[in-house]
$ cat start-v3.cif   # mmCIF, C-alpha atoms
data_start
#
loop_
_atom_site.label_atom_id
_atom_site.label_comp_id
_atom_site.auth_asym_id
_atom_site.auth_seq_id
_atom_site.Cartn_x
_atom_site.Cartn_y
_atom_site.Cartn_z
CA MET J 1 -16.99 6.66 -20.79
CA PRO J 2 -13.89 6.13 -18.62
CA GLY J 3 -12.99 8.91 -16.23
CA ILE J 4 -13.98 10.74 -13.09
CA VAL J 5 -15.94 8.86 -10.41
CA PRO J 6 -17.60 11.48 -8.17
CA PRO J 7 -18.73 11.16 -4.53
CA GLY J 8 -22.04 9.31 -4.28
CA SER J 9 -20.75 6.56 -6.56
CA LYS J 10 -20.26 2.97 -5.37
CA VAL J 11 -16.69 1.70 -5.15
CA LEU J 12 -15.48 -1.88 -4.79
CA VAL J 13 -12.42 -2.28 -2.53
CA SER J 14 -10.70 -5.66 -2.76
CA GLY J 15 -9.05 -7.14 0.33
CA ALA J 16 -10.94 -4.57 2.41
CA ASN J 17 -9.70 -5.90 5.75
CA GLY J 18 -6.05 -5.10 4.92
CA TYR J 19 -3.88 -2.34 6.37
CA ILE J 20 -4.08 0.04 3.40
CA ALA J 21 -7.49 -1.13 2.20
CA ALA J 22 -9.29 -0.44 5.49
CA ARG J 23 -8.00 3.14 5.32
CA VAL J 24 -9.11 3.40 1.71
CA VAL J 25 -12.59 2.27 2.78
CA ARG J 26 -12.73 4.85 5.58
CA THR J 27 -11.51 7.67 3.35
CA LEU J 28 -14.00 6.80 0.61
CA LEU J 29 -16.86 6.77 3.12
CA GLU J 30 -15.72 10.07 4.64
CA LYS J 31 -15.66 11.62 1.16
CA GLY J 32 -19.23 10.55 0.41
CA TYR J 33 -18.81 7.31 -1.53
CA ALA J 34 -20.64 4.04 -0.96
CA VAL J 35 -18.29 1.09 -0.53
CA ARG J 36 -18.49 -2.64 -1.13
CA GLY J 37 -15.51 -4.44 0.37
CA THR J 38 -14.35 -7.93 -0.50
CA VAL J 39 -13.12 -10.24 2.26
CA ARG J 40 -12.09 -13.89 2.19
CA SER J 41 -14.66 -14.96 4.80
CA GLU J 42 -17.63 -13.55 6.68
CA GLU J 43 -15.51 -13.60 9.83
CA LYS J 44 -12.95 -11.27 8.28
CA GLY J 45 -15.70 -8.76 7.55
CA THR J 46 -16.97 -8.58 11.14
CA HIS J 47 -14.51 -5.95 12.34
CA LEU J 48 -15.13 -3.77 9.28
CA LYS J 49 -18.89 -3.88 9.77
CA LYS J 50 -18.37 -2.80 13.37
CA ILE J 51 -16.08 0.17 12.73
CA PHE J 52 -18.11 1.39 9.75
CA ALA J 53 -21.55 0.73 11.26
CA GLY J 54 -22.27 4.45 11.36
CA TYR J 55 -22.38 4.58 7.57
CA GLY J 56 -25.34 2.21 7.43
CA GLU J 57 -26.17 0.89 3.97
CA LYS J 58 -23.28 2.85 2.42
CA PHE J 59 -20.94 0.06 3.49
CA GLU J 60 -21.29 -3.63 2.70
CA THR J 61 -19.02 -6.64 2.41
CA VAL J 62 -19.01 -9.56 0.00
CA VAL J 63 -17.04 -12.78 0.35
CA VAL J 64 -14.48 -13.65 -2.35
CA GLU J 65 -12.73 -16.73 -1.01
CA ASP J 66 -10.08 -17.06 -3.71
CA ILE J 67 -9.25 -13.95 -5.75
CA THR J 68 -7.27 -15.97 -8.28
CA LYS J 69 -10.21 -18.06 -9.52
CA GLU J 70 -11.74 -17.32 -12.89
CA GLY J 71 -14.84 -15.20 -12.32
CA ALA J 72 -14.05 -14.68 -8.64
CA PHE J 73 -15.20 -11.05 -8.77
CA ASP J 74 -18.09 -11.43 -11.23
CA GLU J 75 -20.74 -10.86 -8.57
CA ALA J 76 -18.72 -8.35 -6.56
CA VAL J 77 -18.34 -5.89 -9.47
CA LYS J 78 -22.02 -5.68 -10.30
CA GLY J 79 -23.36 -2.14 -10.07
CA VAL J 80 -20.12 -0.47 -8.95
CA HIS J 81 -18.65 2.59 -10.63
CA ALA J 82 -15.01 2.08 -9.67
CA ILE J 83 -12.64 -0.50 -8.20
CA GLU J 84 -9.79 -0.01 -5.74
CA HIS J 85 -7.75 -3.22 -6.06
CA THR J 86 -5.47 -3.59 -3.05
CA ALA J 87 -5.55 -7.35 -2.41
CA SER J 88 -2.10 -8.91 -2.86
CA PRO J 89 0.19 -10.97 -0.62
CA PHE J 90 2.99 -9.09 1.19
CA HIS J 91 5.38 -11.15 3.31
CA PHE J 92 8.94 -12.46 3.28
CA LYS J 93 8.19 -16.11 4.03
CA ALA J 94 7.72 -17.63 0.57
CA ASP J 95 9.70 -20.73 -0.37
CA ASP J 96 8.88 -20.82 -4.06
CA PRO J 97 8.58 -17.36 -5.70
CA GLN J 98 5.30 -18.48 -7.27
CA GLU J 99 3.70 -18.49 -3.80
CA LEU J 100 3.72 -14.69 -4.13
CA ILE J 101 3.73 -14.21 -7.88
CA GLU J 102 0.74 -16.38 -8.83
CA PRO J 103 -1.82 -14.85 -6.43
CA ALA J 104 -0.56 -11.32 -7.18
CA VAL J 105 -0.71 -11.74 -10.97
CA ASN J 106 -3.80 -13.94 -11.17
CA GLY J 107 -5.73 -11.88 -8.62
CA THR J 108 -5.10 -8.74 -10.66
CA ARG J 109 -6.10 -10.39 -13.94
CA SER J 110 -9.18 -11.90 -12.30
CA ILE J 111 -10.61 -8.61 -11.11
CA LEU J 112 -9.86 -6.88 -14.43
CA LYS J 113 -11.56 -9.68 -16.38
CA SER J 114 -14.65 -9.40 -14.19
CA ALA J 115 -14.65 -5.64 -14.72
CA LEU J 116 -14.95 -6.12 -18.49
CA ASN J 117 -18.45 -7.51 -17.93
CA GLU J 118 -19.72 -4.50 -15.94
CA SER J 119 -20.40 -1.40 -18.06
CA SER J 120 -21.01 0.82 -15.01
CA ILE J 121 -17.31 0.82 -14.08
CA ARG J 122 -15.46 4.00 -15.05
CA ARG J 123 -12.06 3.64 -13.36
CA ILE J 124 -9.90 1.02 -11.66
CA VAL J 125 -7.12 2.00 -9.26
CA VAL J 126 -4.54 -0.70 -8.51
CA THR J 127 -2.19 -0.61 -5.53
CA SER J 128 1.24 -1.57 -6.82
CA SER J 129 4.48 -0.60 -5.06
CA SER J 130 7.76 1.21 -5.49
CA ALA J 131 9.08 -2.38 -5.47
CA ALA J 132 7.93 -2.51 -9.10
CA ILE J 133 10.07 0.55 -9.87
CA LEU J 134 13.35 0.35 -7.98
CA SER J 135 16.58 -1.48 -8.74
CA ILE J 136 19.56 -1.99 -6.44
CA LEU J 137 22.45 -0.12 -8.02
CA PRO J 138 25.95 0.82 -6.82
CA GLU J 139 25.26 4.49 -7.50
CA ARG J 140 22.54 6.85 -6.31
CA LYS J 141 19.52 7.13 -8.60
CA VAL J 142 16.31 9.14 -8.62
CA PHE J 143 13.54 6.79 -9.75
CA THR J 144 10.41 7.86 -11.61
CA GLU J 145 7.33 6.18 -13.02
CA LEU J 146 9.31 5.43 -16.18
CA ASP J 147 11.46 2.89 -14.31
CA TRP J 148 10.66 -0.81 -13.97
CA ASN J 149 12.23 -3.39 -11.67
CA GLU J 150 13.50 -5.88 -14.23
CA GLN J 151 16.25 -6.85 -11.79
CA SER J 152 14.02 -8.80 -9.41
CA ILE J 153 12.27 -10.58 -12.29
CA GLU J 154 15.68 -11.90 -13.34
CA GLU J 155 16.63 -12.85 -9.79
CA VAL J 156 13.55 -15.01 -9.17
CA LYS J 157 14.55 -17.19 -12.08
CA GLN J 158 16.77 -18.80 -9.40
CA GLY J 159 13.55 -20.15 -7.88
CA LYS J 160 13.75 -21.02 -4.19
CA ASN J 161 17.30 -19.67 -4.02
CA ALA J 162 16.18 -16.11 -4.77
CA SER J 163 16.09 -13.71 -1.83
CA GLN J 164 12.78 -13.13 -0.04
CA VAL J 165 12.78 -9.46 -0.94
CA SER J 166 13.34 -10.29 -4.62
CA LYS J 167 10.40 -12.71 -4.55
CA TYR J 168 8.13 -9.98 -3.20
CA ARG J 169 9.42 -7.29 -5.55
CA ALA J 170 9.04 -9.58 -8.55
CA SER J 171 5.44 -10.34 -7.55
CA LYS J 172 4.58 -6.64 -7.47
CA THR J 173 6.37 -5.95 -10.75
CA LEU J 174 4.79 -8.84 -12.62
CA ALA J 175 1.33 -8.10 -11.23
CA GLU J 176 1.55 -4.49 -12.36
CA LYS J 177 2.86 -5.48 -15.78
CA ALA J 178 -0.07 -7.89 -16.06
CA ALA J 179 -2.47 -5.05 -15.26
CA TRP J 180 -1.07 -2.75 -17.92
CA ASP J 181 -0.89 -5.56 -20.50
CA PHE J 182 -4.53 -6.43 -19.85
CA TYR J 183 -5.49 -2.77 -20.03
CA GLU J 184 -3.87 -2.32 -23.42
CA ALA J 185 -5.19 -5.59 -24.82
CA SER J 186 -8.79 -4.81 -23.82
CA ASN J 187 -8.78 -1.29 -25.26
CA THR J 188 -11.77 -1.80 -27.54
CA ASN J 189 -14.22 -3.42 -25.11
CA ARG J 190 -13.82 -1.82 -21.68
CA SER J 191 -15.75 1.04 -20.11
CA TRP J 192 -12.99 1.99 -17.66
CA ASP J 193 -9.48 3.33 -17.52
CA LEU J 194 -6.64 2.34 -15.19
CA VAL J 195 -4.56 4.14 -12.56
CA VAL J 196 -1.70 2.49 -10.68
CA LEU J 197 -0.32 3.85 -7.41
CA ASN J 198 3.23 2.95 -6.33
CA PRO J 199 3.91 3.63 -2.65
CA PRO J 200 7.14 2.64 -0.83
CA PHE J 201 7.07 1.59 2.86
CA VAL J 202 3.67 2.42 4.36
CA PHE J 203 3.53 3.45 8.02
CA GLY J 204 0.97 5.04 10.33
CA PRO J 205 -1.89 4.18 12.70
CA ILE J 206 -3.92 1.06 11.97
CA ILE J 207 -7.68 0.58 11.89
CA HIS J 208 -7.92 -2.98 10.57
CA ASP J 209 -8.28 -5.97 12.89
CA VAL J 210 -4.93 -6.79 14.52
CA SER J 211 -4.70 -8.70 17.79
CA SER J 212 -1.10 -7.95 18.78
CA PRO J 213 2.14 -6.37 17.51
CA ALA J 214 3.23 -9.81 16.33
CA ALA J 215 0.21 -9.87 13.99
CA LEU J 216 1.05 -6.57 12.30
CA GLY J 217 1.78 -6.60 8.58
CA THR J 218 5.29 -6.39 7.19
CA SER J 219 5.77 -2.59 7.04
CA ALA J 220 3.85 -1.68 10.20
CA GLY J 221 5.44 -4.58 12.08
CA ASP J 222 8.93 -3.53 11.05
CA TRP J 223 8.21 0.04 12.23
CA TYR J 224 6.97 -1.23 15.61
CA ASN J 225 9.96 -3.50 16.10
CA SER J 226 12.44 -0.79 15.13
CA VAL J 227 10.96 2.25 16.88
CA VAL J 228 9.15 0.84 19.94
CA ARG J 229 10.95 -2.33 21.03
CA PRO J 230 14.03 -1.63 23.20
CA ASP J 231 16.09 -4.10 21.16
CA MET J 232 15.02 -2.44 17.88
CA GLY J 233 13.73 -5.80 16.69
CA GLY J 234 17.25 -7.17 16.74
CA LYS J 235 18.52 -4.59 14.26
CA THR J 236 22.09 -3.38 14.60
CA ILE J 237 23.07 0.28 14.93
CA GLU J 238 24.54 0.02 11.44
CA ALA J 239 21.24 -1.24 10.05
CA ILE J 240 19.08 1.53 11.54
CA THR J 241 21.47 4.25 10.41
CA THR J 242 22.45 3.05 6.92
CA ILE J 243 19.56 0.96 5.56
CA GLY J 244 16.50 2.93 4.56
CA GLY J 245 13.96 3.57 1.87
CA GLY J 246 11.02 5.72 0.88
CA TRP J 247 7.93 6.01 3.08
CA VAL J 248 4.40 7.34 3.14
CA ASP J 249 1.68 7.56 5.78
CA VAL J 250 -1.14 5.04 5.28
CA ARG J 251 -3.66 7.90 5.45
CA ASP J 252 -1.93 9.61 2.53
CA ILE J 253 -1.87 6.59 0.25
CA ALA J 254 -5.56 6.10 1.11
CA LEU J 255 -6.31 9.70 0.16
CA ALA J 256 -4.36 9.22 -3.07
CA HIS J 257 -6.67 6.31 -3.91
CA VAL J 258 -9.69 8.59 -3.57
CA LEU J 259 -8.14 11.50 -5.45
CA ALA J 260 -7.22 9.11 -8.26
CA LEU J 261 -10.95 8.61 -8.81
CA GLN J 262 -11.61 12.34 -8.97
CA LYS J 263 -8.93 13.57 -11.37
CA GLN J 264 -9.52 13.04 -15.07
CA GLU J 265 -5.79 13.38 -15.75
CA ALA J 266 -5.01 10.35 -13.59
CA GLY J 267 -6.48 7.95 -16.15
CA GLY J 268 -3.85 5.74 -17.76
CA GLU J 269 -1.15 6.91 -15.36
CA ARG J 270 1.33 5.32 -12.99
CA LEU J 271 1.91 7.45 -9.86
CA LEU J 272 4.63 7.24 -7.21
CA ILE J 273 3.18 8.23 -3.82
CA SER J 274 6.04 9.01 -1.43
CA LYS J 275 6.75 11.50 1.36
CA GLY J 276 10.51 11.04 1.14
CA GLU J 277 13.42 8.92 2.31
CA PHE J 278 14.23 7.62 5.80
CA VAL J 279 16.36 5.41 7.97
CA TYR J 280 14.80 4.07 11.17
CA GLN J 281 17.12 6.26 13.25
CA ASP J 282 15.06 9.22 11.96
CA PHE J 283 11.85 7.76 13.38
CA ILE J 284 13.62 6.72 16.61
CA ASP J 285 14.89 10.27 17.13
CA THR J 286 11.45 11.68 16.34
CA ALA J 287 9.78 9.33 18.83
CA ASN J 288 12.18 10.27 21.62
CA ALA J 289 11.77 13.99 20.94
CA LEU J 290 7.98 14.01 21.30
CA SER J 291 6.82 15.84 24.43
CA PRO J 292 4.70 14.78 26.11
CA SER J 293 5.27 11.22 24.95
CA PRO J 294 2.21 9.72 23.28
CA ILE J 295 3.27 6.31 24.63
CA PRO J 296 4.10 6.93 28.32
CA SER J 297 3.83 3.23 29.17
CA HIS J 298 7.09 2.76 27.26
CA THR J 299 9.90 4.47 29.17
CA ASP J 300 12.50 2.39 27.35
CA LEU J 301 12.10 3.41 23.71
CA PRO J 302 15.28 2.59 21.81
CA LYS J 303 17.82 5.37 21.30
CA GLY J 304 20.04 3.91 18.60
CA ARG J 305 22.70 6.44 17.69
CA PRO J 306 20.91 9.81 18.03
CA GLY J 307 21.36 12.12 15.07
CA ALA J 308 23.11 9.55 12.90
CA GLY J 309 20.26 9.56 10.41
CA LYS J 310 21.33 13.01 9.27
CA ASP J 311 24.44 11.45 7.73
CA PHE J 312 22.43 9.01 5.62
CA VAL J 313 22.57 9.55 1.88
CA ALA J 314 19.86 7.53 0.15
CA LYS J 315 20.88 5.62 -2.97
CA ILE J 316 17.22 5.05 -3.87
CA VAL J 317 15.26 8.29 -4.21
CA TYR J 318 11.72 8.64 -5.55
CA ASP J 319 10.48 11.60 -7.56
CA ALA J 320 6.83 11.90 -6.55
CA SER J 321 6.24 15.21 -8.33
CA LYS J 322 4.02 13.67 -11.01
CA ALA J 323 1.48 12.54 -8.39
CA SER J 324 1.48 15.96 -6.74
CA LYS J 325 0.82 17.61 -10.11
CA ILE J 326 -1.98 15.24 -11.16
CA LEU J 327 -3.69 14.65 -7.81
CA GLY J 328 -3.41 18.31 -6.86
CA PRO J 329 -2.98 20.33 -3.66
CA GLU J 330 -5.41 18.11 -1.75
CA LEU J 331 -2.62 15.54 -1.44
CA VAL J 332 -0.73 16.87 1.59
CA TYR J 333 1.64 14.37 3.17
CA HIS J 334 1.79 13.80 6.91
CA THR J 335 5.12 14.76 8.43
CA MET J 336 7.39 12.26 10.15
CA GLU J 337 6.47 13.83 13.50
CA GLU J 338 2.72 13.52 12.81
CA THR J 339 3.00 9.91 11.68
CA THR J 340 5.18 8.99 14.65
CA ARG J 341 2.97 10.71 17.21
CA ASP J 342 -0.26 9.23 15.86
CA THR J 343 1.17 5.73 15.47
CA LEU J 344 2.59 5.67 19.00
CA ALA J 345 -0.70 7.01 20.38
CA ASP J 346 -2.51 4.18 18.60
CA PHE J 347 -0.16 1.60 20.09
CA GLU J 348 -0.62 3.10 23.56
CA LYS J 349 -4.40 2.91 23.22
CA ARG J 350 -4.09 -0.77 22.32
CA GLY J 351 -1.83 -1.49 25.29
CA TRP J 352 1.09 -2.41 23.05
#

$ encode --input "start-v3.cif" --output "structure tokens"
Amino acid sequence: MPGIVPPGSKVLVSGANGYIAARVVRTLLEKGYAVRGTVRSEEKGTHLKKIFAGYGEKFETVVVEDITKEGAFDEAVKGVHAIEHTASPFHFKADDPQELIEPAVNGTRSILKSALNESSIRRIVVTSSSAAILSILPERKVFTELDWNEQSIEEVKQGKNASQVSKYRASKTLAEKAAWDFYEASNTNRSWDLVVLNPPFVFGPIIHDVSSPAALGTSAGDWYNSVVRPDMGGKTIEAITTIGGGWVDVRDIALAHVLALQKQEAGGERLLISKGEFVYQDFIDTANALSPSPIPSHTDLPKGRPGAGKDFVAKIVYDASKASKILGPELVYHTMEETTRDTLADFEKRGW
């Protein structure tokens, strides 16, 4: 029967070498689960095998070269009790919207189809995004799990002329819709239920294989450029004090993935996972206020316009109370100071 997947069970994590996924793997292992991670090549699994070597046979990798192919996950799902599906493209470099939409949608459908053939699976947790929830409106709005981003789906009908951010948001929205549609359509012949997690910007220290700041993913790279680089990544004062969003520490979204396996009530639910709202000036001020500095090699951290973040009134606000209620008191979010301190310390250790 669908439901709780306790420690000791084996969990498949797709795209295991990604920013969020690597944290999900670590958290699962720390909580007593066995983990099988999918990677696109043996080479991409090398770093994971190294950092998780202490867990011995509790961690393994399997190569899935193309997640969009029919039956791509058929072998990977064998014998697992749950799936954490995190693999999906996230960048703002697509020409045609389908460069993002097709792998996001087809990858999700592919893993769910494979899961139908494995009766041991009890729950699947999919990483979606607040991008599948929000809309850009002239007025302030508090968004909940009941909201869907139909706006970006309409905008990508322009094809190549659609904005990069709309292409990404549409890919997340359509992939999540595909997951729920598949879930409902397969109601009579599946052994598992579905949970979808919707985080906004994800920040925090990294553990996956990254060679330089330039190789960081979209969210983590934007944080580095804005908070560490003296030129704030080319952002204007206006941008860092008036353009913001929701955020969550990568360690908290990883914990939410584990808790989603352990709470019966999470089955069939969509959950916003968010600490709160920010503008980059908030993180810049926090970084400069840390004493002693966790990144002493950088004596030229940007200053921006100190204190200006306090004047920011977010138009997009996320109500994450449902997740707190369902996932329980174990879900305690890192503070902005904790995330900033730990992220800067990680960069310092890497010589960045």

$ closest_atom_pairs --input "start-v3.cif" --of "region 109-130 of chain J" --to "region 9-19 of chain J" --cutoff "12 Å" --atoms "all atoms listed in the file" --output "CSV"
residue,atom,partner,partner_atom,distance
J:Ser110,CA,J:Ser14,CA,11.5
J:Ile111,CA,J:Ser14,CA,8.9
J:Leu112,CA,J:Ser14,CA,11.8
J:Ala115,CA,J:Leu12,CA,10.7
J:Ser120,CA,J:Lys10,CA,9.9
J:Ile121,CA,J:Val11,CA,9.0
J:Arg122,CA,J:Val11,CA,10.2
J:Arg123,CA,J:Val11,CA,9.6
J:Ile124,CA,J:Leu12,CA,9.3
J:Val125,CA,J:Val13,CA,9.6
J:Val126,CA,J:Ser14,CA,9.8
J:Thr127,CA,J:Ser14,CA,10.3

$ write_last_selection --input "start-v3.cif" --atoms "C-alpha atoms" --output "PDB file, in the coordinates of the input"
ATOM      1  CA  SER J 110      -9.180 -11.900 -12.300  1.00  0.00           C
ATOM      2  CA  ILE J 111     -10.610  -8.610 -11.110  1.00  0.00           C
ATOM      3  CA  LEU J 112      -9.860  -6.880 -14.430  1.00  0.00           C
ATOM      4  CA  ALA J 115     -14.650  -5.640 -14.720  1.00  0.00           C
ATOM      5  CA  SER J 120     -21.010   0.820 -15.010  1.00  0.00           C
ATOM      6  CA  ILE J 121     -17.310   0.820 -14.080  1.00  0.00           C
ATOM      7  CA  ARG J 122     -15.460   4.000 -15.050  1.00  0.00           C
ATOM      8  CA  ARG J 123     -12.060   3.640 -13.360  1.00  0.00           C
ATOM      9  CA  ILE J 124      -9.900   1.020 -11.660  1.00  0.00           C
ATOM     10  CA  VAL J 125      -7.120   2.000  -9.260  1.00  0.00           C
ATOM     11  CA  VAL J 126      -4.540  -0.700  -8.510  1.00  0.00           C
ATOM     12  CA  THR J 127      -2.190  -0.610  -5.530  1.00  0.00           C
TER      13      THR J 127
END

$ resolve_selection --input "start-v3.cif" --expression "the PyMOL selection byres ((chain J and resi 307) around 12)" --output "ChimeraX atom specification"
/J:237,240-241,279-286,288-289,303-306,308-312

$ resolve_selection --input "start-v3.cif" --expression "the PyMOL selection byres ((chain J and resi 65) around 12)" --output "PyMOL selection string"
chain J and resi 14-15+38-44+62-64+66-73+76+87+107

$ resolve_selection --input "start-v3.cif" --expression "the PyMOL selection byres ((chain J and resi 156) around 12)" --output "PyMOL selection string"
chain J and resi 94-101+149-155+157-171+173-174

$ residues_around --input "start-v3.cif" --residues "Leu272 (chain J)" --least-positions-apart "5" --cutoff "9 Å" --atoms "only C-alpha atoms" --output "NGL selection string"
:J and (129-130 or 144-145 or 196-200 or 318-323)

$ closest_residue --input "start-v3.cif" --among "J:Trp352, J:Asn225, J:Arg26, J:Pro7" --to "Ser212 (chain J)" --atoms "all atoms listed in the file"
J:Trp352

$ atom_distance --input "start-v3.cif" --atom1 "CA of Thr242 (chain J)" --atom2 "CA of Ile316 (chain J)"
12.2 Å

$ atom_distance --input "start-v3.cif" --atom1 "CA of Glu75 (chain J)" --atom2 "CA of Val105 (chain J)"
20.2 Å
